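Listing of protein-v8.txt, compact mmCIF, C-alpha atoms
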# COMPACT_ATOMS: atom_id res chain seq x y z
CA MET A 1 231.75 53.84 -78.66
CA VAL A 2 228.29 54.50 -77.28
CA GLY A 3 225.19 52.38 -77.44
CA PRO A 4 222.02 51.34 -75.62
CA ASN A 5 221.96 48.70 -72.92
CA ARG A 6 218.25 49.06 -72.47
CA THR A 7 215.13 48.80 -74.62
CA GLY A 8 212.38 51.40 -74.64
CA GLY A 9 214.29 54.26 -76.26
CA ALA A 10 216.90 55.04 -73.59
CA ASN A 11 219.81 55.45 -75.98
CA GLN A 12 223.33 56.48 -75.06
CA VAL A 13 224.48 59.21 -77.40
CA THR A 14 227.16 61.75 -78.12
CA ASP A 15 225.56 65.18 -78.19
CA GLY A 16 228.09 67.32 -79.99
CA ALA A 17 230.64 68.04 -77.25
CA LEU A 18 228.85 65.95 -74.62
CA ALA A 19 228.22 62.25 -74.10
CA SER A 20 224.95 61.34 -72.45
CA THR A 21 223.79 58.13 -70.77
CA ALA A 22 220.54 57.01 -69.21
CA ASP A 23 220.30 53.47 -67.84
CA GLY A 24 223.20 52.37 -70.03
CA SER A 25 226.90 52.71 -70.80
CA ALA A 26 229.49 54.29 -73.09
CA PHE A 27 232.90 52.71 -73.76
CA TYR A 28 236.46 53.70 -74.60
CA ASP A 29 239.18 51.05 -74.98
CA PHE A 30 242.98 51.16 -75.27
CA ASP A 31 245.92 48.78 -74.75
CA VAL A 32 247.41 49.83 -71.40
CA THR A 33 250.14 47.15 -71.46
CA THR A 34 251.61 48.51 -74.69
CA LEU A 35 250.74 52.17 -74.49
CA ALA A 36 250.93 52.87 -70.74
CA SER A 37 253.45 50.51 -69.19
CA GLN A 38 254.39 53.14 -66.56
CA GLY A 39 250.79 54.10 -65.80
CA PHE A 40 248.09 56.43 -67.05
CA SER A 41 245.51 58.98 -65.97
CA VAL A 42 241.86 59.50 -66.89
CA SER A 43 240.29 62.92 -66.48
CA PHE A 44 236.74 64.02 -67.27
CA THR A 45 233.90 66.27 -66.23
CA PHE A 46 230.50 64.86 -65.36
CA SER A 47 227.09 66.12 -64.36
CA ARG A 48 224.28 64.07 -62.90
CA PHE A 49 221.85 66.25 -64.84
CA HIS A 50 222.32 66.89 -68.55
CA PRO A 51 222.29 70.68 -69.27
CA PHE A 52 219.68 70.16 -72.00
CA ASN A 53 217.51 68.10 -69.67
CA PRO A 54 218.09 69.78 -66.30
CA THR A 55 215.43 67.93 -64.35
CA THR A 56 215.99 66.76 -60.81
CA GLY A 57 215.81 63.14 -59.80
CA ASN A 58 217.62 60.22 -58.28
CA GLY A 59 220.16 57.90 -59.78
CA PHE A 60 223.80 56.89 -59.87
CA LEU A 61 226.67 57.10 -62.33
CA THR A 62 229.92 55.16 -62.46
CA VAL A 63 233.28 55.04 -64.21
CA GLY A 64 235.21 51.78 -64.47
CA LEU A 65 238.35 50.12 -65.85
CA GLY A 66 238.67 46.59 -67.16
CA VAL A 67 235.03 46.38 -68.20
CA ASN A 68 233.61 43.23 -69.78
CA THR A 69 231.77 44.84 -72.68
CA ALA A 70 230.28 41.52 -73.82
CA THR A 71 227.95 41.43 -70.81
CA ALA A 72 224.87 43.60 -71.31
CA ILE A 73 223.41 44.81 -68.01
CA ALA A 74 221.39 48.00 -67.85
CA GLY A 75 222.25 50.86 -65.57
CA SER A 76 225.19 51.65 -63.35
CA ALA A 77 225.30 47.98 -62.29
CA PHE A 78 226.92 47.25 -65.66
CA THR A 79 230.18 48.84 -64.55
CA THR A 80 230.12 48.01 -60.85
CA THR A 81 229.62 44.28 -61.52
CA ASN A 82 231.64 43.90 -64.73
CA ALA A 83 234.84 45.85 -64.13
CA ASP A 84 238.20 45.26 -62.46
CA PHE A 85 237.78 48.67 -60.82
CA ALA A 86 234.75 50.96 -60.57
CA LEU A 87 234.02 54.25 -58.86
CA LEU A 88 230.34 55.03 -58.26
CA PHE A 89 229.02 58.53 -57.57
CA GLN A 90 225.89 58.34 -55.46
CA GLN A 91 222.85 60.55 -55.83
CA ALA A 92 223.29 62.09 -52.37
CA ALA A 93 225.37 61.70 -49.26
CA GLY A 94 222.36 60.46 -47.29
CA PRO A 95 223.47 58.42 -44.28
CA ASN A 96 226.95 57.87 -45.75
CA VAL A 97 230.10 59.54 -44.53
CA GLY A 98 231.00 60.03 -48.20
CA ASN A 99 228.92 59.73 -51.32
CA THR A 100 231.12 57.48 -53.41
CA GLN A 101 231.62 53.73 -53.55
CA PHE A 102 234.69 51.84 -54.80
CA PHE A 103 234.48 48.38 -56.37
CA GLN A 104 236.94 45.63 -57.32
CA ASP A 105 235.62 42.72 -59.41
CA GLY A 106 232.02 43.48 -58.49
CA VAL A 107 232.46 43.80 -54.72
CA PHE A 108 233.57 46.65 -52.51
CA LEU A 109 237.25 47.45 -52.82
CA PRO A 110 239.17 46.10 -49.79
CA GLY A 111 239.20 48.70 -47.04
CA THR A 112 236.03 50.39 -48.32
CA ALA A 113 232.32 49.71 -47.91
CA ALA A 114 228.86 51.01 -48.72
CA THR A 115 229.43 54.04 -46.50
CA GLY A 116 231.85 55.41 -49.08
CA PRO A 117 235.37 56.67 -48.29
CA LEU A 118 235.20 59.91 -50.29
CA ASP A 119 232.73 62.79 -50.46
CA TYR A 120 232.58 64.23 -53.97
CA GLY A 121 230.60 67.28 -52.91
CA THR A 122 227.25 68.58 -54.09
CA PRO A 123 225.62 65.92 -56.30
CA THR A 124 223.66 68.47 -58.33
CA THR A 125 226.64 70.42 -59.74
CA PRO A 126 229.23 69.44 -62.41
CA HIS A 127 232.49 67.92 -61.16
CA PHE A 128 236.00 67.39 -62.55
CA VAL A 129 237.58 63.98 -61.86
CA LEU A 130 241.22 62.91 -62.20
CA LEU A 131 242.02 59.20 -61.85
CA THR A 132 245.61 57.92 -61.92
CA PHE A 133 246.79 54.29 -62.09
CA ILE A 134 250.40 53.11 -61.75
CA PRO A 135 251.25 49.36 -61.90
CA ALA A 136 253.67 47.97 -59.31
CA SER A 137 255.71 46.50 -62.19
CA PRO A 138 255.87 48.22 -65.60
CA GLY A 139 253.18 46.88 -67.93
CA ALA A 140 251.74 44.54 -65.28
CA TYR A 141 247.96 45.00 -65.33
CA GLY A 142 246.90 41.35 -64.85
CA ALA A 143 244.36 39.90 -62.46
CA THR A 144 247.00 39.27 -59.77
CA ASP A 145 248.97 42.47 -60.34
CA SER A 146 248.75 45.32 -57.85
CA ILE A 147 248.07 48.79 -59.22
CA SER A 148 248.30 51.99 -57.19
CA GLY A 149 245.35 54.27 -57.83
CA SER A 150 244.32 57.74 -56.81
CA VAL A 151 241.30 59.96 -57.44
CA SER A 152 241.05 63.72 -57.10
CA ILE A 153 237.76 65.57 -57.47
CA ASP A 154 237.61 69.25 -58.38
CA GLY A 155 241.32 69.61 -57.68
CA GLY A 156 241.03 68.46 -54.07
CA SER A 157 243.38 66.21 -52.14
CA ALA A 158 243.85 62.80 -53.76
CA TYR A 159 242.29 59.70 -52.22
CA ASN A 160 244.76 56.81 -52.64
CA PHE A 161 243.97 53.11 -52.94
CA SER A 162 245.28 49.85 -54.38
CA VAL A 163 243.43 47.63 -56.85
CA LEU A 164 244.12 44.41 -58.76
CA GLY A 165 244.12 44.55 -62.55
CA GLY A 166 242.55 42.30 -65.15
CA ALA A 167 242.79 40.98 -68.70
CA ASN A 168 241.80 44.31 -70.26
CA PHE A 169 242.35 47.05 -67.72
CA GLY A 170 242.17 49.69 -70.45
CA ALA A 171 238.48 49.03 -71.19
CA LEU A 172 236.94 52.23 -69.82
CA SER A 173 233.20 52.56 -69.24
CA PHE A 174 230.80 55.26 -68.09
CA SER A 175 227.42 54.01 -66.87
CA SER A 176 224.31 55.45 -65.30
CA SER A 177 221.05 54.29 -63.82
CA VAL A 178 217.55 55.18 -64.92
CA LEU A 179 215.40 58.34 -64.45
CA VAL A 180 217.55 61.21 -65.79
CA HIS A 181 220.32 61.69 -68.38
CA ARG A 182 223.87 62.15 -67.15
CA SER A 183 226.46 64.01 -69.21
CA TYR A 184 230.22 63.52 -69.61
CA ASP A 185 232.66 65.98 -71.13
CA ASN A 186 236.38 66.70 -71.66
CA LEU A 187 237.53 63.07 -71.47
CA VAL A 188 241.34 62.89 -71.60
CA VAL A 189 243.40 59.69 -71.23
CA SER A 190 247.11 60.39 -70.73
CA THR A 191 250.02 57.99 -70.38
CA ILE A 192 252.87 58.45 -67.92
CA PRO A 193 256.15 58.68 -69.90
CA GLU A 194 258.97 56.15 -69.71
CA PRO A 195 261.71 57.11 -67.19
CA THR A 196 264.27 57.31 -70.01
CA SER A 197 262.10 59.84 -71.84
CA ALA A 198 261.77 61.94 -68.71
CA LEU A 199 265.56 61.72 -68.19
CA LEU A 200 266.22 62.86 -71.75
CA LEU A 201 263.88 65.80 -71.27
CA ALA A 202 265.65 66.76 -68.04
CA THR A 203 269.09 66.40 -69.66
CA GLY A 204 267.99 68.63 -72.54
CA ALA A 205 266.78 71.28 -70.10
CA VAL A 206 270.11 71.22 -68.20
CA PHE A 207 272.06 71.45 -71.47
CA ALA A 208 270.01 74.43 -72.61
CA PHE A 209 270.48 76.13 -69.24
CA SER A 210 274.23 75.48 -69.37
CA ARG A 211 274.54 77.00 -72.85
CA SER A 212 272.53 80.01 -71.73
CA ARG A 213 274.85 80.61 -68.77
CA LYS A 214 277.96 80.31 -70.97
CA ARG A 215 276.52 82.76 -73.47
CA ARG A 216 275.78 85.30 -70.75
CA GLY A 217 279.33 84.85 -69.39
CA CYS A 218 280.85 85.60 -72.78
CA GLU A 219 278.70 88.69 -73.16
CA ALA A 220 279.84 89.95 -69.75
CA MET A 221 283.53 89.48 -70.64
CA SER A 222 283.15 91.38 -73.86

Take the structure in the file and write it out as structure tokens.
Amino acid sequence: MVGPNRTGGANQVTDGALASTADGSAFYDFDVTTLASQGFSVSFTFSRFHPFNPTTGNGFLTVGLGVNTATAIAGSAFTTTNADFALLFQQAAGPNVGNTQFFQDGVFLPGTAATGPLDYGTPTTPHFVLLTFIPASPGAYGATDSISGSVSIDGGSAYNFSVLGGANFGALSFSSSVLVHRSYDNLVVSTIPEPTSALLLATGAVFAFSRSRKRRGCEAMS
């Protein structure tokens, strides 16, 4: 679902294969408790400058989980102030050690600050992001439940953290501030399978391997 958070013609749209935002947000929602009791991952590609509007300029973009979609606030502040968890990509490293900021319930995630704990690289090029969330207890995504999170950018080493959940942790939002259009592509949300499913898959592989070995043994004897 995409839509404007701002008057004056700054609409959030899907542009064929790309989603584009300018001073607003786009949403995707799913039931994590039912569909992803063991955890889930979110992967996507983003660019601070839309390929069809490749101007330079300032501005931020964010991705968040557990977003309150009923609260309309323009710009990247929508996600950073209205989500259980939010990751903000800054416009440049500037004075910061990194150029990202992590938020929990509208404030900096414990153990992080405005200086940013992770450098996502050159702000002017496209980047691939992989976020993974695993609840401490299966299906527990509530406001007092601990969830282990990690983020990897462009296939680099994962940065690990812990965040508290919320009433709707599966409400995913992409937001951006004013000045230029940001683009998002290749969004994939994947669930982590139940342990029993993984065990069945492993058992099937062992069974197939065992049959293959027996077959080869019979062929050798003949």

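When atom CA of Ser37 of chain A is paired with atom CA of Ser150 of chain A, their separation reads 17.0 Å.
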
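Between Asn168 of chain A and the candidates A:Thr62, A:Thr124, A:Gln91, A:Asn82, the tightest atom-to-atom separation, counting only C-alpha atoms, involves A:Asn82.
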
Rank nothing, just name the residue among A:Ser173, A:Ser183, A:Gln101, A:Thr45 nearest to Phe78 of chain A, using only C-alpha atoms.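 Of the candidates, the smallest distance to Phe78 of chain A is held by A:Ser173.
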
With distances taken over all atoms listed in the file, which residue among A:Val151, A:Ala22, A:Ala158, A:Val163 lies nearest Ala136 of chain A?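 Result for the nearest residue to Ala136 of chain A: A:Val163.
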
Go ahead and compute the interatomic distance for atom CA of Leu18 of chain A and atom CA of Leu172 of chain A, in Å to one decimal.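 Distance reported for this atom pair: 16.6 Å.
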
From the set A:Gly66, A:Gly39, A:Gly106, A:Gly139, which residue has the shortest atom-to-atom contact distance to Gly165 of chain A, counting only C-alpha atoms?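 Residue with the minimum atom-to-atom distance to Gly165 of chain A: A:Gly66.
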
Distance of atom CA of Thr69 of chain A from atom CA of Phe174 of chain A, expressed in Å to one decimal place: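 Computing it gives 11.4 Å between the two atoms.
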
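With distances taken over all atoms listed in the file, A:Thr112 is the one residue among A:Ser190, A:Thr112, A:Ser177, A:Thr144 lying closest to Tyr159 of chain A.
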
List the neighbours of Thr33 of chain A out to 12 Å using only C-alpha atoms; skip same-chain residues closer than 3 positions along the sequence, and give me the result as a ChimeraX atom specification. /A:30,36-40,134-135,137-142,165-171,191
